[in-house]
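Below is one structure; the comments refer to it alone.
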Amino acid sequence: NNPAVASVSKGGRVKAQSMGVATITAKVSYNGTVKTGSFAVKVMPDLNLKDLKVDGRNILKEGTSQYSIIRKAGSKCPVVTATSVSPDVAVEIEQAASIPGTAIVKVIDYVTYDINEYYVNFGQKAVSDEFKALGKQWSIVREDSSAWSQSNGGLVLTTQAGDIARDSNSASNIFLQDANCDWTAETRLTTSAVPGTPSQNAGLVAYEDDDNFVKLVYAAPVFGRGMPRMEPGAKPAGSIQLIAEDNANNAATINVSLSGINVRNNTVWLRLVKKGALYTAYYSVDGSKYEKVGETAVLLKDIKAGLTACEGVSMMGAGFGSPAMMARMLGGAGSAPAPAPLNVSFDYFRIK
């Protein structure tokens, strides 16, 4: 029905002509009976780049949509240029305003309105902190000074209501520093108790804003399909969670139960590795042997990295149990009692 998009030869071969959508209809007659069938085809534009240059140097790598370049803070921001493979699609570039900052390259087909994006992140070297004294590199989202302190060489956060997961976007005292490049971040944290249900959590975060982030946390136990059932009266075990959001949409939720694993003194080690758009998460209960939690790919810009601790929000509706189910799993009935706030001590934040 749209020969400008697709044509059909006498032999029935369909050939793409240009970008767009067309419906192909076929009729077959046999012994006086006619049967008709149809299907739609969409001819996709080629939204790949032929080159992606920073100050004239081509950095394009096949299959890579996010790039990281380290520059000194305050230095002149490089100019990004790009050329598309197809002359029929447009390339629009939003240059980074400063360092740290992100240049966004959009390859757009104005016929189908398909878009492919490339991010070029310009960052500066991040700074580790052993928390002997709080470094000047930190900024704090929604600071509440009554709920954080430095004690015995550690940063101590007390969990408060809210989270950045799902629709909450209200967690306080998120400690962040510029980390708009590729990196490996690690921390060792100790909680005053096993994180309580429904969703107390604390750990590492890679953060663009409340709707675009990746976080790796020591969290409350998760109950539901595929998770170990807890025997009545048994002591609850926490979990390790990797959670990501992309434009407020859930991009990943990976849970590793710590049931049956000896977590001494509620101390865990967390490691989050960023390479381009790929984030790979690991945890350890002894500081030497690390287990892989999982990985997720999310395009983030103007990235900061740091630490978070919060009461969390219920994961109901995301395949997890209700508070009543959690209470039954814990050997009780009715609604699960609200847990006491956690004190979370971060011994260090190391980033390379």
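Residues are referred to by chain and number: the chain letter is A, B, ... according to the order shown in the structure tokens, the number counts from 1 in that chain, and ligands are numbered separately from 1 in the order shown.
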
Residues within 6 Å of segment 176-191 of chain A, only C-alpha atoms, excluding chain neighbours under 3 positions, as a PyMOL selection string: chain A and resi 68+121+123+126+137-139+266-275+302-306+343-352

Could you write out the selected residues, including N, CA and C atoms, as a short mmCIF file (atom, residue, chain, number, x, y, z; two decimals), in the first residue's frame?
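Full text of selection15.cif as output:
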data_model
loop_
_atom_site.label_atom_id
_atom_site.label_comp_id
_atom_site.auth_asym_id
_atom_site.auth_seq_id
_atom_site.Cartn_x
_atom_site.Cartn_y
_atom_site.Cartn_z
N SER A 68 34.23 7.92 27.42
CA SER A 68 34.71 8.67 28.58
C SER A 68 36.11 9.20 28.32
N ASN A 121 31.33 11.58 27.51
CA ASN A 121 31.48 12.14 28.86
C ASN A 121 32.89 12.68 29.06
N GLY A 123 35.26 13.96 31.92
CA GLY A 123 35.33 13.95 33.37
C GLY A 123 36.71 14.30 33.86
N ALA A 126 38.43 11.25 39.71
CA ALA A 126 37.71 11.25 40.98
C ALA A 126 38.69 11.05 42.13
N GLN A 137 35.55 17.24 47.89
CA GLN A 137 34.95 16.85 46.62
C GLN A 137 33.47 16.51 46.73
N TRP A 138 32.96 16.37 47.95
CA TRP A 138 31.60 15.87 48.13
C TRP A 138 30.55 16.96 48.04
N SER A 139 29.43 16.62 47.42
CA SER A 139 28.20 17.40 47.52
C SER A 139 27.14 16.47 48.09
N ASN A 266 27.36 -7.79 60.10
CA ASN A 266 26.62 -7.00 59.11
C ASN A 266 27.57 -6.12 58.28
N THR A 267 28.72 -6.69 57.91
CA THR A 267 29.71 -5.97 57.11
C THR A 267 29.80 -6.59 55.72
N VAL A 268 29.69 -5.75 54.70
CA VAL A 268 29.83 -6.22 53.32
C VAL A 268 30.73 -5.25 52.56
N TRP A 269 31.35 -5.77 51.52
CA TRP A 269 32.17 -4.98 50.60
C TRP A 269 31.43 -4.91 49.26
N LEU A 270 31.37 -3.74 48.66
CA LEU A 270 30.67 -3.55 47.39
C LEU A 270 31.63 -2.95 46.36
N ARG A 271 31.50 -3.41 45.13
CA ARG A 271 32.34 -2.90 44.03
C ARG A 271 31.46 -2.68 42.80
N LEU A 272 31.53 -1.49 42.23
CA LEU A 272 30.76 -1.15 41.03
C LEU A 272 31.73 -0.67 39.96
N VAL A 273 31.70 -1.31 38.79
CA VAL A 273 32.62 -1.00 37.71
C VAL A 273 31.84 -0.40 36.54
N LYS A 274 32.24 0.80 36.13
CA LYS A 274 31.63 1.46 34.99
C LYS A 274 32.58 1.41 33.80
N LYS A 275 32.08 0.93 32.66
CA LYS A 275 32.84 0.95 31.42
C LYS A 275 31.88 1.33 30.31
N ASP A 302 26.61 13.50 32.75
CA ASP A 302 26.99 14.34 33.90
C ASP A 302 26.97 13.50 35.18
N ILE A 303 27.70 12.40 35.15
CA ILE A 303 27.59 11.38 36.19
C ILE A 303 28.35 11.78 37.45
N LYS A 304 27.74 11.49 38.57
CA LYS A 304 28.39 11.58 39.87
C LYS A 304 28.35 10.20 40.51
N ALA A 305 29.30 9.93 41.40
CA ALA A 305 29.34 8.64 42.09
C ALA A 305 29.45 8.90 43.58
N GLY A 306 28.92 7.97 44.36
CA GLY A 306 29.00 8.17 45.81
C GLY A 306 28.25 7.13 46.60
N ASN A 343 21.90 2.64 61.31
CA ASN A 343 23.12 3.43 61.24
C ASN A 343 24.08 2.68 60.33
N VAL A 344 24.52 3.34 59.27
CA VAL A 344 25.39 2.70 58.28
C VAL A 344 26.74 3.40 58.30
N SER A 345 27.79 2.66 58.62
CA SER A 345 29.14 3.21 58.67
C SER A 345 29.90 2.79 57.44
N PHE A 346 30.30 3.77 56.63
CA PHE A 346 31.13 3.53 55.46
C PHE A 346 32.58 3.78 55.86
N ASP A 347 33.41 2.74 55.75
CA ASP A 347 34.80 2.87 56.19
C ASP A 347 35.63 3.68 55.19
N TYR A 348 35.27 3.62 53.90
CA TYR A 348 36.00 4.37 52.88
C TYR A 348 35.18 4.41 51.60
N PHE A 349 35.58 5.29 50.71
CA PHE A 349 35.07 5.30 49.34
C PHE A 349 36.30 5.41 48.44
N ARG A 350 36.59 4.32 47.73
CA ARG A 350 37.79 4.30 46.87
C ARG A 350 37.35 4.21 45.41
N ILE A 351 37.91 5.09 44.61
CA ILE A 351 37.54 5.14 43.21
C ILE A 351 38.79 5.32 42.35
N LYS A 352 38.86 4.53 41.29
CA LYS A 352 40.02 4.57 40.41
C LYS A 352 39.54 4.70 38.98
#

Give the answer as one residue: which of A:Ala82, A:Ile99, A:Val194, A:Leu307 has the shortest atom-to-atom distance to Phe175 of chain A, using only C-alpha atoms? A:Leu307

If you run DSSP on this backbone, which residues of segment 104-313 of chain A come out as strand (DSSP E), and could you give them as number ranges by chain? A: 104-108, 115-123, 139-141, 148-151, 154-158, 174-178, 183-191, 201-209, 212-219, 239-246, 249-257, 267-275, 278-284, 291-297, 304-310

Using only C-alpha atoms, determine which residues lie at most 7 Å from Tyr67 of chain A, disregarding the query and same-chain residues fewer than 6 positions distant; provide the list as number ranges by chain. A: 119-121, 276

Quick one: everything within 10 Å of Asn249 of chain A, counting only C-alpha atoms, minus sequence neighbours fewer than 2 positions away in the same chain. Send it as a ChimeraX atom specification. /A:165-167,211-212,244-247,251-252

Prev. selection, N, CA, C and O atoms, output as a PDB file, in the first residue's frame:
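Resulting contents of part-v1.pdb:
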ATOM      1  N   ALA A 165      14.460   5.083  44.137  1.00  0.00           N
ATOM      2  CA  ALA A 165      13.867   4.044  43.309  1.00  0.00           C
ATOM      3  C   ALA A 165      12.374   4.310  43.128  1.00  0.00           C
ATOM      4  O   ALA A 165      11.731   4.948  43.959  1.00  0.00           O
ATOM      5  N   ARG A 166      11.866   3.839  41.989  1.00  0.00           N
ATOM      6  CA  ARG A 166      10.448   3.967  41.670  1.00  0.00           C
ATOM      7  C   ARG A 166      10.024   5.434  41.699  1.00  0.00           C
ATOM      8  O   ARG A 166      10.709   6.282  41.143  1.00  0.00           O
ATOM      9  N   ASP A 167       8.891   5.745  42.338  1.00  0.00           N
ATOM     10  CA  ASP A 167       8.359   7.109  42.275  1.00  0.00           C
ATOM     11  C   ASP A 167       8.728   7.953  43.486  1.00  0.00           C
ATOM     12  O   ASP A 167       8.198   9.051  43.661  1.00  0.00           O
ATOM     13  N   ASP A 211      15.939  10.145  38.545  1.00  0.00           N
ATOM     14  CA  ASP A 211      15.279   9.242  37.600  1.00  0.00           C
ATOM     15  C   ASP A 211      16.252   8.511  36.691  1.00  0.00           C
ATOM     16  O   ASP A 211      15.838   7.715  35.844  1.00  0.00           O
ATOM     17  N   ASN A 212      17.545   8.770  36.851  1.00  0.00           N
ATOM     18  CA  ASN A 212      18.570   8.138  36.023  1.00  0.00           C
ATOM     19  C   ASN A 212      19.758   7.785  36.910  1.00  0.00           C
ATOM     20  O   ASN A 212      20.530   8.676  37.285  1.00  0.00           O
ATOM     21  N   ALA A 244      18.616  -0.125  38.647  1.00  0.00           N
ATOM     22  CA  ALA A 244      18.910   0.947  37.691  1.00  0.00           C
ATOM     23  C   ALA A 244      17.612   1.534  37.157  1.00  0.00           C
ATOM     24  O   ALA A 244      16.627   0.812  36.965  1.00  0.00           O
ATOM     25  N   GLU A 245      17.632   2.841  36.926  1.00  0.00           N
ATOM     26  CA  GLU A 245      16.511   3.525  36.283  1.00  0.00           C
ATOM     27  C   GLU A 245      17.020   4.339  35.103  1.00  0.00           C
ATOM     28  O   GLU A 245      18.115   4.914  35.157  1.00  0.00           O
ATOM     29  N   ASP A 246      16.206   4.377  34.052  1.00  0.00           N
ATOM     30  CA  ASP A 246      16.499   5.137  32.847  1.00  0.00           C
ATOM     31  C   ASP A 246      15.268   5.970  32.536  1.00  0.00           C
ATOM     32  O   ASP A 246      14.223   5.432  32.168  1.00  0.00           O
ATOM     33  N   ASN A 247      15.367   7.294  32.739  1.00  0.00           N
ATOM     34  CA  ASN A 247      14.222   8.187  32.549  1.00  0.00           C
ATOM     35  C   ASN A 247      13.016   7.715  33.351  1.00  0.00           C
ATOM     36  O   ASN A 247      11.889   7.656  32.846  1.00  0.00           O
ATOM     37  N   ALA A 251      15.248  -0.103  34.630  1.00  0.00           N
ATOM     38  CA  ALA A 251      16.139  -0.707  33.640  1.00  0.00           C
ATOM     39  C   ALA A 251      16.710  -2.022  34.133  1.00  0.00           C
ATOM     40  O   ALA A 251      17.106  -2.863  33.327  1.00  0.00           O
ATOM     41  N   ALA A 252      16.765  -2.214  35.440  1.00  0.00           N
ATOM     42  CA  ALA A 252      17.285  -3.465  35.997  1.00  0.00           C
ATOM     43  C   ALA A 252      16.930  -3.562  37.469  1.00  0.00           C
ATOM     44  O   ALA A 252      16.944  -2.558  38.190  1.00  0.00           O
TER      45      ALA A 252
END

If we count only C-alpha atoms, what is near Val105 of chain A at a cut-off of 8 Å, once residues fewer than 5 positions away on the same chain are taken out, given as a PyMOL selection string? chain A and resi 82+91-94+117-119

Selected residue, from A:Leu52, A:Val313, A:Val214, A:Val111, that lies nearest to Ala161 of chain A when counting only C-alpha atoms: A:Val313

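Taking atom CA of Ser257 of chain A and atom CA of Val285 of chain A as endpoints, the distance between them is 12.6 Å.
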
Spatial neighbours of segment 18-26 of chain A, 9 Å, only C-alpha atoms, chain gap at least 4 places, as an NGL selection string: :A and (1-8 or 12 or 14 or 35-45 or 109 or 111-112)

Which one of A:Val85, A:Ala97, A:Leu258, A:Ala147 sits closest to Lys50 of chain A if you count only C-alpha atoms?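 Nearest candidate to Lys50 of chain A out of A:Val85, A:Ala97, A:Leu258, A:Ala147: A:Val85.
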
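Those residues that approach Lys53 of chain A to within 9 Å, counting only C-alpha atoms, are Gly56, Arg57, Asn58, Ile59, Leu60, Val79, Val80, Thr81, Ala82 and Thr83 of chain A; same-chain residues fewer than 3 positions away are not listed.
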
Keeping only all heavy atoms, write the selected residues as a PDB file, in the first residue's frame.
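Result went into out.pdb, see below:
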ATOM      1  N   GLY A  56      38.780  16.726  16.451  1.00  0.00           N
ATOM      2  CA  GLY A  56      39.321  16.209  15.209  1.00  0.00           C
ATOM      3  C   GLY A  56      39.827  14.782  15.247  1.00  0.00           C
ATOM      4  O   GLY A  56      40.171  14.221  14.201  1.00  0.00           O
ATOM      5  N   ARG A  57      39.875  14.153  16.432  1.00  0.00           N
ATOM      6  CA  ARG A  57      40.373  12.776  16.537  1.00  0.00           C
ATOM      7  C   ARG A  57      39.196  11.813  16.625  1.00  0.00           C
ATOM      8  O   ARG A  57      38.319  11.956  17.485  1.00  0.00           O
ATOM      9  CB  ARG A  57      41.257  12.619  17.777  1.00  0.00           C
ATOM     10  CG  ARG A  57      41.845  11.220  17.941  1.00  0.00           C
ATOM     11  CD  ARG A  57      42.840  11.187  19.091  1.00  0.00           C
ATOM     12  NE  ARG A  57      42.203  11.435  20.376  1.00  0.00           N
ATOM     13  CZ  ARG A  57      41.692  10.464  21.156  1.00  0.00           C
ATOM     14  NH1 ARG A  57      41.743   9.204  20.751  1.00  0.00           N
ATOM     15  NH2 ARG A  57      41.153  10.756  22.315  1.00  0.00           N
ATOM     16  N   ASN A  58      39.167  10.838  15.720  1.00  0.00           N
ATOM     17  CA  ASN A  58      38.061   9.889  15.671  1.00  0.00           C
ATOM     18  C   ASN A  58      38.158   8.896  16.833  1.00  0.00           C
ATOM     19  O   ASN A  58      39.168   8.214  16.996  1.00  0.00           O
ATOM     20  CB  ASN A  58      38.056   9.140  14.335  1.00  0.00           C
ATOM     21  CG  ASN A  58      36.782   8.317  14.135  1.00  0.00           C
ATOM     22  OD1 ASN A  58      35.796   8.521  14.826  1.00  0.00           O
ATOM     23  ND2 ASN A  58      36.817   7.400  13.191  1.00  0.00           N
ATOM     24  N   ILE A  59      37.094   8.806  17.657  1.00  0.00           N
ATOM     25  CA  ILE A  59      37.091   7.895  18.802  1.00  0.00           C
ATOM     26  C   ILE A  59      36.057   6.790  18.642  1.00  0.00           C
ATOM     27  O   ILE A  59      35.869   5.984  19.552  1.00  0.00           O
ATOM     28  CB  ILE A  59      36.823   8.661  20.121  1.00  0.00           C
ATOM     29  CG1 ILE A  59      35.426   9.295  20.092  1.00  0.00           C
ATOM     30  CG2 ILE A  59      37.894   9.703  20.377  1.00  0.00           C
ATOM     31  CD1 ILE A  59      34.979   9.852  21.436  1.00  0.00           C
ATOM     32  N   LEU A  60      35.385   6.746  17.493  1.00  0.00           N
ATOM     33  CA  LEU A  60      34.280   5.810  17.305  1.00  0.00           C
ATOM     34  C   LEU A  60      34.753   4.364  17.398  1.00  0.00           C
ATOM     35  O   LEU A  60      35.737   3.972  16.776  1.00  0.00           O
ATOM     36  CB  LEU A  60      33.618   6.054  15.946  1.00  0.00           C
ATOM     37  CG  LEU A  60      32.352   5.246  15.652  1.00  0.00           C
ATOM     38  CD1 LEU A  60      31.216   5.674  16.570  1.00  0.00           C
ATOM     39  CD2 LEU A  60      31.935   5.405  14.189  1.00  0.00           C
ATOM     40  N   VAL A  79      35.580  20.026  21.311  1.00  0.00           N
ATOM     41  CA  VAL A  79      34.459  20.104  20.372  1.00  0.00           C
ATOM     42  C   VAL A  79      34.221  18.721  19.782  1.00  0.00           C
ATOM     43  O   VAL A  79      35.146  18.053  19.324  1.00  0.00           O
ATOM     44  CB  VAL A  79      34.743  21.119  19.254  1.00  0.00           C
ATOM     45  CG1 VAL A  79      33.622  21.107  18.211  1.00  0.00           C
ATOM     46  CG2 VAL A  79      34.907  22.515  19.843  1.00  0.00           C
ATOM     47  N   VAL A  80      32.969  18.288  19.813  1.00  0.00           N
ATOM     48  CA  VAL A  80      32.582  16.989  19.277  1.00  0.00           C
ATOM     49  C   VAL A  80      31.911  17.180  17.929  1.00  0.00           C
ATOM     50  O   VAL A  80      31.027  18.027  17.773  1.00  0.00           O
ATOM     51  CB  VAL A  80      31.622  16.259  20.247  1.00  0.00           C
ATOM     52  CG1 VAL A  80      31.115  14.962  19.628  1.00  0.00           C
ATOM     53  CG2 VAL A  80      32.312  15.985  21.575  1.00  0.00           C
ATOM     54  N   THR A  81      32.340  16.415  16.919  1.00  0.00           N
ATOM     55  CA  THR A  81      31.706  16.403  15.601  1.00  0.00           C
ATOM     56  C   THR A  81      31.383  14.966  15.231  1.00  0.00           C
ATOM     57  O   THR A  81      31.979  14.022  15.764  1.00  0.00           O
ATOM     58  CB  THR A  81      32.613  17.027  14.526  1.00  0.00           C
ATOM     59  OG1 THR A  81      33.842  16.284  14.461  1.00  0.00           O
ATOM     60  CG2 THR A  81      32.918  18.485  14.846  1.00  0.00           C
ATOM     61  N   ALA A  82      30.427  14.770  14.328  1.00  0.00           N
ATOM     62  CA  ALA A  82      30.032  13.421  13.948  1.00  0.00           C
ATOM     63  C   ALA A  82      29.398  13.433  12.566  1.00  0.00           C
ATOM     64  O   ALA A  82      28.798  14.436  12.144  1.00  0.00           O
ATOM     65  CB  ALA A  82      29.058  12.836  14.960  1.00  0.00           C
ATOM     66  N   THR A  83      29.523  12.301  11.867  1.00  0.00           N
ATOM     67  CA  THR A  83      28.911  12.104  10.556  1.00  0.00           C
ATOM     68  C   THR A  83      28.162  10.787  10.571  1.00  0.00           C
ATOM     69  O   THR A  83      28.686   9.769  11.046  1.00  0.00           O
ATOM     70  CB  THR A  83      29.982  12.070   9.447  1.00  0.00           C
ATOM     71  OG1 THR A  83      30.795  13.234   9.531  1.00  0.00           O
ATOM     72  CG2 THR A  83      29.331  12.008   8.080  1.00  0.00           C
TER      73      THR A  83
END
